[in-house]
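work00.cif (mmCIF, C-alpha atoms)
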data_upload
loop_
_atom_site.label_atom_id
_atom_site.label_comp_id
_atom_site.auth_asym_id
_atom_site.auth_seq_id
_atom_site.Cartn_x
_atom_site.Cartn_y
_atom_site.Cartn_z
CA MET A 1 -9.93 -60.65 -27.37
CA PRO A 2 -10.85 -64.11 -28.73
CA ALA A 3 -12.81 -66.37 -26.38
CA GLN A 4 -10.12 -69.03 -26.06
CA LEU A 5 -7.62 -66.46 -24.77
CA LEU A 6 -10.16 -64.97 -22.35
CA ASP A 7 -10.85 -68.45 -21.02
CA ARG A 8 -7.21 -68.94 -20.10
CA ALA A 9 -6.74 -65.37 -18.92
CA LYS A 10 -5.17 -64.66 -15.52
CA PRO A 11 -7.20 -62.50 -13.18
CA ALA A 12 -7.16 -58.95 -14.33
CA TYR A 13 -4.15 -57.08 -13.03
CA ASN A 14 -4.49 -53.34 -12.91
CA GLY A 15 -7.56 -53.79 -14.99
CA VAL A 16 -5.65 -55.54 -17.83
CA CYS A 17 -6.55 -59.09 -18.67
CA ILE A 18 -3.30 -61.00 -19.41
CA PRO A 19 -3.54 -64.49 -20.93
CA GLU A 20 -1.48 -67.11 -19.11
CA ASP A 21 0.53 -68.00 -22.19
CA TYR A 22 1.19 -64.42 -23.12
CA HIS A 23 4.76 -63.41 -23.75
CA MET A 24 6.03 -60.04 -24.85
CA PRO A 25 6.82 -60.45 -28.55
CA ALA A 26 10.57 -60.51 -29.10
CA PRO A 27 11.67 -57.14 -30.41
CA VAL A 28 12.22 -57.35 -34.17
CA ASP A 29 15.91 -57.28 -35.00
CA HIS A 30 15.59 -55.00 -37.99
CA GLU A 31 19.22 -55.29 -39.02
CA ALA A 32 19.04 -59.09 -38.96
CA ARG A 33 15.82 -59.07 -40.95
CA ARG A 34 17.25 -56.67 -43.52
CA ARG A 35 20.32 -58.90 -43.89
CA HIS A 36 18.13 -61.96 -44.21
CA ILE A 37 16.11 -60.37 -47.00
CA ALA A 38 19.30 -59.17 -48.67
CA GLU A 39 20.74 -62.70 -48.63
CA ILE A 40 17.58 -64.01 -50.29
CA ALA A 41 17.75 -61.25 -52.89
CA ALA A 42 21.40 -62.19 -53.58
CA ASP A 43 20.37 -65.83 -54.04
CA LEU A 44 17.64 -64.89 -56.50
CA ILE A 45 19.91 -62.56 -58.51
CA ALA A 46 22.60 -65.23 -58.66
CA GLN A 47 20.05 -67.80 -59.81
CA GLY A 48 18.33 -65.80 -62.52
CA GLY A 49 19.70 -62.29 -62.84
CA MET A 50 18.16 -59.03 -61.69
CA GLU A 51 14.80 -59.84 -63.34
CA ASN A 52 14.52 -62.75 -60.94
CA ALA A 53 14.65 -60.56 -57.82
CA THR A 54 11.46 -58.58 -57.51
CA ILE A 55 9.95 -57.32 -54.26
CA ARG A 56 7.32 -60.02 -54.73
CA SER A 57 9.70 -62.92 -55.42
CA VAL A 58 12.00 -61.93 -52.57
CA ALA A 59 9.03 -61.70 -50.19
CA ALA A 60 7.80 -65.13 -51.28
CA ALA A 61 11.22 -66.72 -50.88
CA ALA A 62 11.77 -65.07 -47.48
CA GLY A 63 8.31 -65.94 -46.18
CA TYR A 64 7.40 -62.31 -45.57
CA SER A 65 4.63 -60.16 -46.98
CA THR A 66 5.61 -57.71 -49.70
CA ALA A 67 4.75 -54.98 -47.18
CA ILE A 68 7.53 -56.15 -44.88
CA VAL A 69 10.02 -56.33 -47.76
CA THR A 70 9.14 -52.84 -48.98
CA HIS A 71 9.59 -51.60 -45.42
CA TYR A 72 13.29 -52.43 -45.79
CA PHE A 73 13.69 -52.02 -49.54
CA ALA A 74 11.58 -49.35 -51.13
CA HIS A 75 12.51 -50.45 -54.65
CA LYS A 76 14.73 -52.67 -56.69
CA ARG A 77 17.73 -50.36 -56.40
CA GLU A 78 17.73 -50.83 -52.62
CA LEU A 79 17.46 -54.58 -53.02
CA LEU A 80 20.41 -54.66 -55.39
CA PHE A 81 22.45 -52.45 -53.09
CA TRP A 82 21.98 -54.75 -50.13
CA ALA A 83 22.33 -57.91 -52.17
CA TYR A 84 25.72 -56.55 -53.24
CA ARG A 85 26.70 -55.95 -49.64
CA ALA A 86 25.57 -59.45 -48.72
CA ALA A 87 27.81 -60.86 -51.46
CA ALA A 88 30.76 -58.66 -50.48
CA HIS A 89 30.39 -59.66 -46.82
CA SER A 90 30.36 -63.33 -47.77
CA THR A 91 33.70 -62.82 -49.54
CA GLN A 92 35.04 -60.95 -46.51
CA ARG A 93 34.00 -63.86 -44.26
CA ARG A 94 35.81 -66.32 -46.52
CA PHE A 95 38.90 -64.14 -46.38
CA ASP A 96 38.65 -63.82 -42.58
CA ALA A 97 38.32 -67.60 -42.21
CA ALA A 98 41.43 -68.13 -44.36
CA GLN A 99 43.31 -65.62 -42.25
CA ALA A 100 42.13 -67.25 -39.02
CA ALA A 101 43.42 -70.59 -40.29
CA ASP A 102 46.82 -69.20 -41.30
CA PRO A 103 47.50 -65.46 -41.36
CA ASP A 104 50.58 -65.98 -43.54
CA ASP A 105 48.86 -67.99 -46.27
CA LEU A 106 48.70 -65.48 -49.10
CA PHE A 107 47.40 -68.05 -51.54
CA ALA A 108 44.45 -69.02 -49.31
CA ALA A 109 43.71 -65.33 -48.75
CA LEU A 110 43.54 -64.74 -52.52
CA GLN A 111 41.43 -67.85 -53.12
CA ALA A 112 38.74 -66.33 -50.90
CA PHE A 113 37.93 -63.95 -53.76
CA LEU A 114 37.41 -66.60 -56.42
CA PRO A 115 34.18 -68.18 -57.70
CA ASP A 116 35.56 -71.60 -56.76
CA THR A 117 32.66 -72.51 -54.44
CA PRO A 118 28.88 -72.05 -54.82
CA GLU A 119 29.19 -69.13 -52.40
CA GLY A 120 31.91 -67.57 -54.54
CA VAL A 121 29.89 -68.04 -57.74
CA ARG A 122 26.91 -66.42 -56.09
CA ALA A 123 29.01 -63.44 -55.08
CA TRP A 124 30.36 -62.88 -58.59
CA ARG A 125 26.96 -63.10 -60.22
CA VAL A 126 25.70 -60.43 -57.85
CA TYR A 127 28.81 -58.35 -58.57
CA PHE A 128 28.05 -58.48 -62.29
CA ALA A 129 24.48 -57.29 -61.72
CA PHE A 130 25.80 -54.51 -59.51
CA TRP A 131 28.61 -53.49 -61.86
CA SER A 132 26.06 -53.11 -64.62
CA ALA A 133 23.98 -50.85 -62.40
CA THR A 134 26.97 -48.66 -61.45
CA ILE A 135 26.96 -47.28 -65.01
CA SER A 136 24.01 -45.05 -64.18
CA ASP A 137 24.34 -44.85 -60.39
CA PRO A 138 27.22 -42.91 -58.79
CA GLU A 139 26.32 -44.14 -55.27
CA MET A 140 26.59 -47.73 -56.40
CA ALA A 141 29.86 -46.91 -58.15
CA ALA A 142 31.17 -45.42 -54.89
CA GLU A 143 30.11 -48.51 -52.95
CA GLN A 144 31.90 -50.76 -55.44
CA GLN A 145 35.03 -48.62 -55.20
CA TRP A 146 34.95 -48.86 -51.41
CA TRP A 147 34.95 -52.65 -51.54
CA GLN A 148 37.63 -52.63 -54.22
CA ALA A 149 39.83 -50.48 -51.97
CA ASN A 150 39.07 -52.83 -49.09
CA ALA A 151 40.16 -55.85 -51.14
CA LEU A 152 43.38 -54.10 -52.13
CA SER A 153 44.10 -53.21 -48.54
CA ILE A 154 43.52 -56.66 -47.03
CA ILE A 155 45.42 -58.40 -49.84
CA GLY A 156 48.30 -55.96 -49.43
CA ALA A 157 48.50 -56.58 -45.69
CA VAL A 158 48.88 -60.34 -46.19
CA ALA A 159 51.41 -59.91 -48.99
CA ILE A 160 53.57 -57.63 -46.87
CA ARG A 161 53.34 -59.94 -43.84
CA GLN A 162 54.33 -62.95 -45.90
CA HIS A 163 56.90 -61.23 -48.11
CA GLY A 164 58.11 -58.40 -45.93
CA ALA A 165 60.96 -57.43 -48.16
CA ILE A 166 59.08 -57.09 -51.44
CA ALA A 167 59.91 -54.05 -53.49
CA GLN A 168 56.96 -51.72 -54.10
CA PRO A 169 54.37 -53.53 -51.94
CA ASP A 170 51.60 -51.27 -53.29
CA HIS A 171 52.30 -52.44 -56.80
CA VAL A 172 52.43 -56.06 -55.72
CA ALA A 173 49.07 -55.78 -53.94
CA ARG A 174 47.55 -54.17 -57.02
CA MET A 175 48.97 -56.85 -59.31
CA LEU A 176 47.60 -59.58 -57.05
CA LEU A 177 44.15 -57.99 -56.99
CA THR A 178 44.26 -57.54 -60.77
CA THR A 179 45.11 -61.21 -61.18
CA VAL A 180 42.35 -62.38 -58.84
CA GLN A 181 39.80 -60.21 -60.60
CA GLY A 182 40.94 -61.34 -64.04
CA ILE A 183 40.61 -65.00 -63.09
CA ALA A 184 37.35 -64.52 -61.22
CA THR A 185 35.59 -62.71 -64.07
CA GLN A 186 36.61 -65.34 -66.61
CA ALA A 187 35.63 -68.21 -64.31
CA ALA A 188 32.29 -66.75 -63.25
CA LEU A 189 31.32 -66.15 -66.88
CA ASP A 190 32.15 -69.71 -67.94
CA GLN A 191 31.77 -72.00 -64.95
CA ALA A 192 31.53 -75.17 -67.01
CA HIS A 193 35.16 -74.74 -68.06
CA TRP A 194 36.59 -73.25 -64.88
CA SER A 195 36.78 -75.81 -62.09
CA ALA A 196 38.14 -74.69 -58.73
CA GLN A 197 41.31 -76.60 -59.57
CA ARG A 198 41.79 -74.71 -62.83
CA GLN A 199 41.26 -71.36 -61.11
CA HIS A 200 43.79 -72.26 -58.41
CA ARG A 201 46.39 -73.45 -60.91
CA LEU A 202 46.23 -70.20 -62.88
CA LEU A 203 46.30 -68.20 -59.65
CA GLU A 204 49.43 -70.10 -58.53
CA LEU A 205 51.17 -69.43 -61.82
CA GLN A 206 50.43 -65.71 -61.81
CA VAL A 207 51.20 -65.18 -58.14
CA ALA A 208 54.52 -66.93 -58.61
CA ALA A 209 55.34 -64.65 -61.55
CA ILE A 210 54.40 -61.52 -59.61
CA LEU A 211 56.32 -62.43 -56.44
CA ARG A 212 59.37 -63.57 -58.37
CA HIS A 213 59.42 -60.32 -60.31
CA ALA A 214 58.97 -58.32 -57.10
CA ASN A 215 61.69 -60.16 -55.22
CA GLU A 216 64.37 -60.09 -57.92
CA PRO A 217 65.73 -56.73 -58.94
CA MET B 1 -0.62 -39.68 -107.42
CA PRO B 2 -0.30 -36.03 -106.31
CA ALA B 3 -1.07 -33.38 -108.94
CA GLN B 4 2.46 -31.94 -109.06
CA LEU B 5 3.88 -35.33 -109.99
CA LEU B 6 1.21 -35.94 -112.61
CA ASP B 7 2.00 -32.53 -114.11
CA ARG B 8 5.62 -33.49 -114.67
CA ALA B 9 4.81 -37.04 -115.70
CA LYS B 10 6.26 -38.47 -118.89
CA PRO B 11 3.81 -39.85 -121.36
CA ALA B 12 2.47 -43.15 -120.17
CA TYR B 13 4.74 -46.04 -121.14
CA ASN B 14 3.11 -49.41 -121.27
CA GLY B 15 0.21 -47.80 -119.48
CA VAL B 16 2.37 -46.75 -116.48
CA CYS B 17 2.76 -43.07 -115.75
CA ILE B 18 6.40 -42.43 -114.65
CA PRO B 19 7.28 -39.01 -113.18
CA GLU B 20 10.31 -37.36 -114.79
CA ASP B 21 12.21 -37.11 -111.50
CA TYR B 22 11.48 -40.64 -110.45
CA HIS B 23 14.38 -42.78 -109.29
CA MET B 24 14.29 -46.30 -107.99
CA PRO B 25 14.78 -46.03 -104.20
CA ALA B 26 18.23 -47.28 -103.18
CA PRO B 27 17.90 -50.77 -101.77
CA VAL B 28 18.07 -50.67 -97.96
CA ASP B 29 21.30 -52.16 -96.65
CA HIS B 30 19.72 -54.04 -93.78
CA GLU B 31 22.99 -55.17 -92.26
CA ALA B 32 24.35 -51.62 -92.24
CA ARG B 33 21.15 -50.31 -90.70
CA ARG B 34 21.16 -53.02 -88.03
CA ARG B 35 24.78 -52.18 -87.19
CA HIS B 36 23.97 -48.48 -87.07
CA ILE B 37 21.13 -49.07 -84.62
CA ALA B 38 23.33 -51.40 -82.57
CA GLU B 39 26.04 -48.72 -82.32
CA ILE B 40 23.46 -46.22 -81.07
CA ALA B 41 22.18 -48.75 -78.54
CA ALA B 42 25.76 -49.31 -77.34
CA ASP B 43 26.21 -45.55 -76.93
CA LEU B 44 23.02 -45.25 -74.88
CA ILE B 45 23.88 -48.23 -72.65
CA ALA B 46 27.36 -46.84 -72.06
CA GLN B 47 25.90 -43.44 -71.19
CA GLY B 48 23.18 -44.52 -68.80
CA GLY B 49 22.98 -48.27 -68.39
CA MET B 50 20.46 -50.69 -69.83
CA GLU B 51 17.51 -48.59 -68.64
CA ASN B 52 18.72 -45.85 -70.98
CA ALA B 53 18.41 -48.01 -74.09
CA THR B 54 14.77 -48.58 -74.91
CA ILE B 55 13.33 -49.23 -78.36
CA ARG B 56 11.95 -45.70 -78.17
CA SER B 57 15.17 -43.96 -77.09
CA VAL B 58 17.26 -45.86 -79.63
CA ALA B 59 14.79 -44.96 -82.38
CA ALA B 60 14.87 -41.29 -81.38
CA ALA B 61 18.67 -41.20 -81.28
CA ALA B 62 18.98 -43.03 -84.61
CA GLY B 63 16.35 -40.90 -86.35
CA TYR B 64 14.16 -43.89 -87.16
CA SER B 65 10.61 -44.73 -86.21
CA THR B 66 10.18 -47.29 -83.45
CA ALA B 67 8.63 -49.53 -86.14
CA ILE B 68 11.94 -49.61 -88.01
CA VAL B 69 13.89 -50.37 -84.82
CA THR B 70 11.54 -53.18 -83.82
CA HIS B 71 11.94 -54.59 -87.33
CA TYR B 72 15.59 -55.28 -86.44
CA PHE B 73 15.30 -55.71 -82.69
CA ALA B 74 12.11 -57.28 -81.46
CA HIS B 75 12.90 -56.54 -77.83
CA LYS B 76 15.51 -55.32 -75.44
CA ARG B 77 17.37 -58.63 -75.38
CA GLU B 78 18.09 -58.31 -79.10
CA LEU B 79 19.25 -54.76 -78.64
CA LEU B 80 21.65 -55.78 -75.89
CA PHE B 81 22.93 -58.69 -77.96
CA TRP B 82 23.81 -56.47 -80.89
CA ALA B 83 25.11 -53.65 -78.72
CA TYR B 84 27.51 -56.20 -77.24
CA ARG B 85 28.65 -57.25 -80.70
CA ALA B 86 29.13 -53.62 -81.66
CA ALA B 87 31.35 -53.13 -78.60
CA ALA B 88 33.29 -56.33 -79.22
CA HIS B 89 33.85 -55.38 -82.86
CA SER B 90 35.15 -51.97 -81.83
CA THR B 91 37.73 -53.71 -79.63
CA GLN B 92 38.63 -56.04 -82.50
CA ARG B 93 39.13 -53.01 -84.78
CA ARG B 94 41.45 -51.40 -82.22
CA PHE B 95 43.41 -54.64 -82.01
CA ASP B 96 43.59 -54.94 -85.81
CA ALA B 97 44.82 -51.36 -86.12
CA ALA B 98 47.56 -52.03 -83.54
CA GLN B 99 48.56 -55.14 -85.44
CA ALA B 100 48.59 -53.28 -88.76
CA ALA B 101 50.91 -50.67 -87.24
CA ASP B 102 53.29 -53.27 -85.80
CA PRO B 103 52.44 -56.96 -85.76
CA ASP B 104 55.14 -57.66 -83.16
CA ASP B 105 54.01 -55.03 -80.64
CA LEU B 106 52.48 -57.20 -77.92
CA PHE B 107 51.98 -54.25 -75.63
CA ALA B 108 49.99 -52.25 -78.21
CA ALA B 109 47.94 -55.36 -78.96
CA LEU B 110 47.04 -55.73 -75.28
CA GLN B 111 46.26 -52.03 -74.88
CA ALA B 112 43.54 -52.43 -77.49
CA PHE B 113 41.45 -54.22 -74.85
CA LEU B 114 41.67 -51.50 -72.20
CA PRO B 115 39.17 -48.74 -71.33
CA ASP B 116 41.91 -46.17 -71.98
CA THR B 117 39.95 -44.24 -74.64
CA PRO B 118 36.29 -43.17 -74.80
CA GLU B 119 35.75 -46.06 -77.24
CA GLY B 120 37.30 -48.49 -74.79
CA VAL B 121 35.23 -47.17 -71.88
CA ARG B 122 32.10 -47.53 -73.98
CA ALA B 123 32.96 -51.13 -74.77
CA TRP B 124 33.50 -52.08 -71.13
CA ARG B 125 30.27 -50.48 -69.98
CA VAL B 126 28.40 -52.49 -72.57
CA TYR B 127 30.30 -55.62 -71.49
CA PHE B 128 29.16 -55.09 -67.90
CA ALA B 129 25.52 -54.79 -68.98
CA PHE B 130 25.92 -57.93 -71.08
CA TRP B 131 27.76 -59.90 -68.39
CA SER B 132 24.92 -59.16 -66.02
CA ALA B 133 22.43 -60.48 -68.57
CA THR B 134 24.42 -63.70 -69.16
CA ILE B 135 23.37 -64.87 -65.67
CA SER B 136 19.94 -65.77 -66.97
CA ASP B 137 20.66 -66.18 -70.68
CA PRO B 138 22.73 -69.16 -71.92
CA GLU B 139 22.88 -67.77 -75.49
CA MET B 140 24.39 -64.55 -74.23
CA ALA B 141 26.81 -66.55 -72.08
CA ALA B 142 27.85 -68.53 -75.16
CA GLU B 143 28.37 -65.32 -77.15
CA GLN B 144 30.54 -63.89 -74.38
CA GLN B 145 32.58 -67.11 -74.24
CA TRP B 146 33.11 -66.96 -77.99
CA TRP B 147 34.59 -63.47 -77.76
CA GLN B 148 36.65 -64.48 -74.75
CA ALA B 149 38.12 -67.38 -76.73
CA ASN B 150 38.75 -65.02 -79.62
CA ALA B 151 40.64 -62.62 -77.34
CA LEU B 152 42.75 -65.46 -75.97
CA SER B 153 43.55 -66.66 -79.46
CA ILE B 154 44.59 -63.31 -80.94
CA ILE B 155 46.62 -62.38 -77.85
CA GLY B 156 48.31 -65.77 -77.92
CA ALA B 157 49.26 -65.39 -81.59
CA VAL B 158 51.01 -62.07 -80.93
CA ALA B 159 52.77 -63.39 -77.82
CA ILE B 160 54.13 -66.39 -79.69
CA ARG B 161 55.23 -64.27 -82.65
CA GLN B 162 57.05 -61.84 -80.39
CA HIS B 163 58.41 -64.38 -77.90
CA GLY B 164 58.67 -67.52 -79.98
CA ALA B 165 60.57 -69.49 -77.40
CA ILE B 166 58.29 -68.95 -74.42
CA ALA B 167 57.56 -72.00 -72.36
CA GLN B 168 53.87 -72.95 -72.23
CA PRO B 169 52.53 -70.34 -74.67
CA ASP B 170 48.93 -71.27 -73.78
CA HIS B 171 49.57 -70.36 -70.17
CA VAL B 172 51.25 -67.12 -71.13
CA ALA B 173 48.34 -66.11 -73.37
CA ARG B 174 45.90 -66.90 -70.56
CA MET B 175 47.93 -64.93 -68.03
CA LEU B 176 48.07 -61.94 -70.38
CA LEU B 177 44.31 -62.05 -70.95
CA THR B 178 43.72 -62.39 -67.21
CA THR B 179 45.88 -59.34 -66.58
CA VAL B 180 44.16 -57.25 -69.24
CA GLN B 181 40.74 -58.20 -67.91
CA GLY B 182 41.74 -57.51 -64.32
CA ILE B 183 43.03 -54.05 -65.20
CA ALA B 184 40.13 -53.26 -67.51
CA THR B 185 37.44 -54.13 -64.99
CA GLN B 186 39.05 -52.05 -62.26
CA ALA B 187 39.60 -49.09 -64.58
CA ALA B 188 36.14 -49.15 -66.14
CA LEU B 189 34.51 -49.20 -62.69
CA ASP B 190 36.54 -46.23 -61.43
CA GLN B 191 37.49 -44.07 -64.37
CA ALA B 192 38.25 -41.00 -62.27
CA HIS B 193 41.24 -42.81 -60.75
CA TRP B 194 42.37 -44.83 -63.75
CA SER B 195 43.94 -42.64 -66.39
CA ALA B 196 45.20 -44.29 -69.58
CA GLN B 197 48.72 -43.76 -68.24
CA ARG B 198 47.97 -45.60 -65.00
CA GLN B 199 46.40 -48.52 -66.90
CA HIS B 200 49.43 -48.76 -69.19
CA ARG B 201 51.92 -48.63 -66.34
CA LEU B 202 50.21 -51.49 -64.50
CA LEU B 203 49.93 -53.45 -67.74
CA GLU B 204 53.67 -52.98 -68.37
CA LEU B 205 54.55 -54.18 -64.87
CA GLN B 206 52.40 -57.30 -65.10
CA VAL B 207 53.40 -58.20 -68.64
CA ALA B 208 57.06 -57.89 -67.66
CA ALA B 209 56.49 -60.23 -64.71
CA ILE B 210 54.65 -62.78 -66.86
CA LEU B 211 57.20 -62.80 -69.70
CA ARG B 212 60.15 -62.91 -67.34
CA HIS B 213 58.62 -65.87 -65.52
CA ALA B 214 57.87 -67.58 -68.84
CA ASN B 215 61.35 -67.02 -70.24
CA GLU B 216 63.36 -68.09 -67.20
CA PRO B 217 63.12 -71.71 -66.14
#
Could you render the structure as structure tokens?
Amino acid sequence: MPAQLLDRAKPAYNGVCIPEDYHMPAPVDHEARRRHIAEIAADLIAQGGMENATIRSVAAAAGYSTAIVTHYFAHKRELLFWAYRAAAHSTQRRFDAAQAADPDDLFAALQAFLPDTPEGVRAWRVYFAFWSATISDPEMAAEQQWWQANALSIIGAVAIRQHGAIAQPDHVARMLLTTVQGIATQAALDQAHWSAQRQHRLLELQVAAILRHANEP
Amino acid sequence: MPAQLLDRAKPAYNGVCIPEDYHMPAPVDHEARRRHIAEIAADLIAQGGMENATIRSVAAAAGYSTAIVTHYFAHKRELLFWAYRAAAHSTQRRFDAAQAADPDDLFAALQAFLPDTPEGVRAWRVYFAFWSATISDPEMAAEQQWWQANALSIIGAVAIRQHGAIAQPDHVARMLLTTVQGIATQAALDQAHWSAQRQHRLLELQVAAILRHANEP
């Protein structure tokens, strides 16, 4: 024990010398730390592609040693997996916030999926990196399909609540998701030409066409 | 010169000994060879992702030495660039064939962009690899945007020819492209659940909604 701690030590208790300013270290919240590292990995991927997110660069940006990072992410595949989840969760949070503000606002619910904010752009850049990796990775493909099904389900629920009487609600939900994904991919690949306003205008046009078609026999 | 060639050599002409069976080697068609290698790279990327397409694996699959491959593609970035062009050209050829069969068939023209054939699936897998790379590569982003503008333009031309009186033809072309891209990305990421028939049915539904909206004030 270093001298300065011994100097300030309480009298030995049960034979153990306990420094006055000693506190039990807070237990490490492993889930929180993993999420934190995953968020940093998502940032780095969104900034410079997969090459930009190495164990070393993520550790440096997170302020951890590479040993700590590799404790949570054995290799790049793990990093990408969790970066994808971080991006998908950020979209889910945007959707949830829109729903909390107005559960019947279908348009706001759909906007949550667009790259119309820095957060949204980040998410789509991570999605592209992940989509590319799904080509050779069935587990990643399954993860992507899970989130795709989730998006369809939450979009469908809002559409049905707002337009209860729509014919073929499954088709309408799928058409809405298709539209969102079509706009989002174009916008994320060419941000200079796709302002938030432009994305929203196209979304409005297409949603109007879909709902009109669904509501008129 | 090996003995067997000398044996069959014609008499020296101007002091040069020319074997009887000598032919000038055919000039190498460098463009054709580059395209051939790019097609092989596209196949390998579509089969197993970017990791699957190395200078070495492309050379082996093409039947060339790695020296020949690196003559055309100095590094992986070049390979990916040309694999992307190979995929984009294959889509353009499908579109051209649909147009040659019936220049007024908007639906067939749009189908040309879908992953509803092995060729289409290959193209989309290469697109995903390329999209991922555009995050950190402005030249690749510009190339992607060029092809995106090309798709918008050729789709728009067919839409206007078939539905001359549509209001806001630019918007209609954009909505059609958005729909195609939304369907294609979903289908390419989950081929087991997206038969050609399912892709076509969704495309029909959305195109009907868009054209109906465009044609009715």
Checklist entry - Written as a ChimeraX atom specification, which residues does the PyMOL selection byres ((chain A) within 6 of (chain B)) give for the file shown? => result /A:48-49,128-129,132,135-136,178-179,181-183,209-210,213
Next on the checklist: I'd like to see the residues matched by the PyMOL selection byres ((chain A and resi 84) around 8) on this file, and ideally I'd get them as a VMD selection string.
Outcome noted: chain A and resid 42 80 to 83 85 to 88 123 126 to 127 130
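In this model, the gap between CA of Phe95 in chain A and CA of Phe113 in chain A comes to 7.4 Å.
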Checklist outcome for this item: Here CA of Ala159 in chain A and CA of Trp146 in chain A stand apart by 20.0 Å
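Residue nearest His200 in chain A, chosen from A:Asp104, A:Asp116, A:Glu31, A:Glu139 and counting all atoms listed in the file: A:Asp116.
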Can range 167-183 of chain B be brought up to N, CA and C atoms and written out as a PDB file, keeping the file's coordinate frame?
ATOM      1  N   ALA B 167      58.074 -70.720 -72.840  1.00  0.00           N
ATOM      2  CA  ALA B 167      57.560 -72.000 -72.360  1.00  0.00           C
ATOM      3  C   ALA B 167      56.049 -71.859 -72.159  1.00  0.00           C
ATOM      4  N   GLN B 168      55.314 -72.901 -72.467  1.00  0.00           N
ATOM      5  CA  GLN B 168      53.870 -72.950 -72.230  1.00  0.00           C
ATOM      6  C   GLN B 168      53.138 -71.713 -72.776  1.00  0.00           C
ATOM      7  N   PRO B 169      53.161 -71.538 -74.094  1.00  0.00           N
ATOM      8  CA  PRO B 169      52.530 -70.340 -74.670  1.00  0.00           C
ATOM      9  C   PRO B 169      51.045 -70.216 -74.314  1.00  0.00           C
ATOM     10  N   ASP B 170      50.352 -71.350 -74.144  1.00  0.00           N
ATOM     11  CA  ASP B 170      48.930 -71.270 -73.780  1.00  0.00           C
ATOM     12  C   ASP B 170      48.761 -70.600 -72.423  1.00  0.00           C
ATOM     13  N   HIS B 171      49.640 -70.974 -71.495  1.00  0.00           N
ATOM     14  CA  HIS B 171      49.570 -70.360 -70.170  1.00  0.00           C
ATOM     15  C   HIS B 171      49.885 -68.875 -70.233  1.00  0.00           C
ATOM     16  N   VAL B 172      50.868 -68.538 -71.035  1.00  0.00           N
ATOM     17  CA  VAL B 172      51.250 -67.120 -71.130  1.00  0.00           C
ATOM     18  C   VAL B 172      50.095 -66.308 -71.713  1.00  0.00           C
ATOM     19  N   ALA B 173      49.470 -66.820 -72.769  1.00  0.00           N
ATOM     20  CA  ALA B 173      48.340 -66.110 -73.370  1.00  0.00           C
ATOM     21  C   ALA B 173      47.226 -65.924 -72.331  1.00  0.00           C
ATOM     22  N   ARG B 174      46.950 -66.975 -71.562  1.00  0.00           N
ATOM     23  CA  ARG B 174      45.900 -66.900 -70.560  1.00  0.00           C
ATOM     24  C   ARG B 174      46.258 -65.885 -69.473  1.00  0.00           C
ATOM     25  N   MET B 175      47.503 -65.874 -69.068  1.00  0.00           N
ATOM     26  CA  MET B 175      47.930 -64.930 -68.030  1.00  0.00           C
ATOM     27  C   MET B 175      47.841 -63.484 -68.537  1.00  0.00           C
ATOM     28  N   LEU B 176      48.175 -63.286 -69.806  1.00  0.00           N
ATOM     29  CA  LEU B 176      48.070 -61.940 -70.380  1.00  0.00           C
ATOM     30  C   LEU B 176      46.611 -61.493 -70.435  1.00  0.00           C
ATOM     31  N   LEU B 177      45.738 -62.386 -70.885  1.00  0.00           N
ATOM     32  CA  LEU B 177      44.310 -62.050 -70.950  1.00  0.00           C
ATOM     33  C   LEU B 177      43.759 -61.759 -69.557  1.00  0.00           C
ATOM     34  N   THR B 178      44.164 -62.582 -68.590  1.00  0.00           N
ATOM     35  CA  THR B 178      43.720 -62.390 -67.210  1.00  0.00           C
ATOM     36  C   THR B 178      44.140 -61.006 -66.701  1.00  0.00           C
ATOM     37  N   THR B 179      45.361 -60.643 -67.012  1.00  0.00           N
ATOM     38  CA  THR B 179      45.880 -59.340 -66.580  1.00  0.00           C
ATOM     39  C   THR B 179      45.097 -58.197 -67.221  1.00  0.00           C
ATOM     40  N   VAL B 180      44.902 -58.306 -68.532  1.00  0.00           N
ATOM     41  CA  VAL B 180      44.160 -57.250 -69.240  1.00  0.00           C
ATOM     42  C   VAL B 180      42.761 -57.113 -68.657  1.00  0.00           C
ATOM     43  N   GLN B 181      42.113 -58.252 -68.408  1.00  0.00           N
ATOM     44  CA  GLN B 181      40.740 -58.200 -67.910  1.00  0.00           C
ATOM     45  C   GLN B 181      40.690 -57.661 -66.475  1.00  0.00           C
ATOM     46  N   GLY B 182      41.679 -58.020 -65.686  1.00  0.00           N
ATOM     47  CA  GLY B 182      41.740 -57.510 -64.320  1.00  0.00           C
ATOM     48  C   GLY B 182      41.946 -55.998 -64.275  1.00  0.00           C
ATOM     49  N   ILE B 183      42.811 -55.499 -65.151  1.00  0.00           N
ATOM     50  CA  ILE B 183      43.030 -54.050 -65.200  1.00  0.00           C
ATOM     51  C   ILE B 183      41.790 -53.351 -65.754  1.00  0.00           C
TER      52      ILE B 183
END
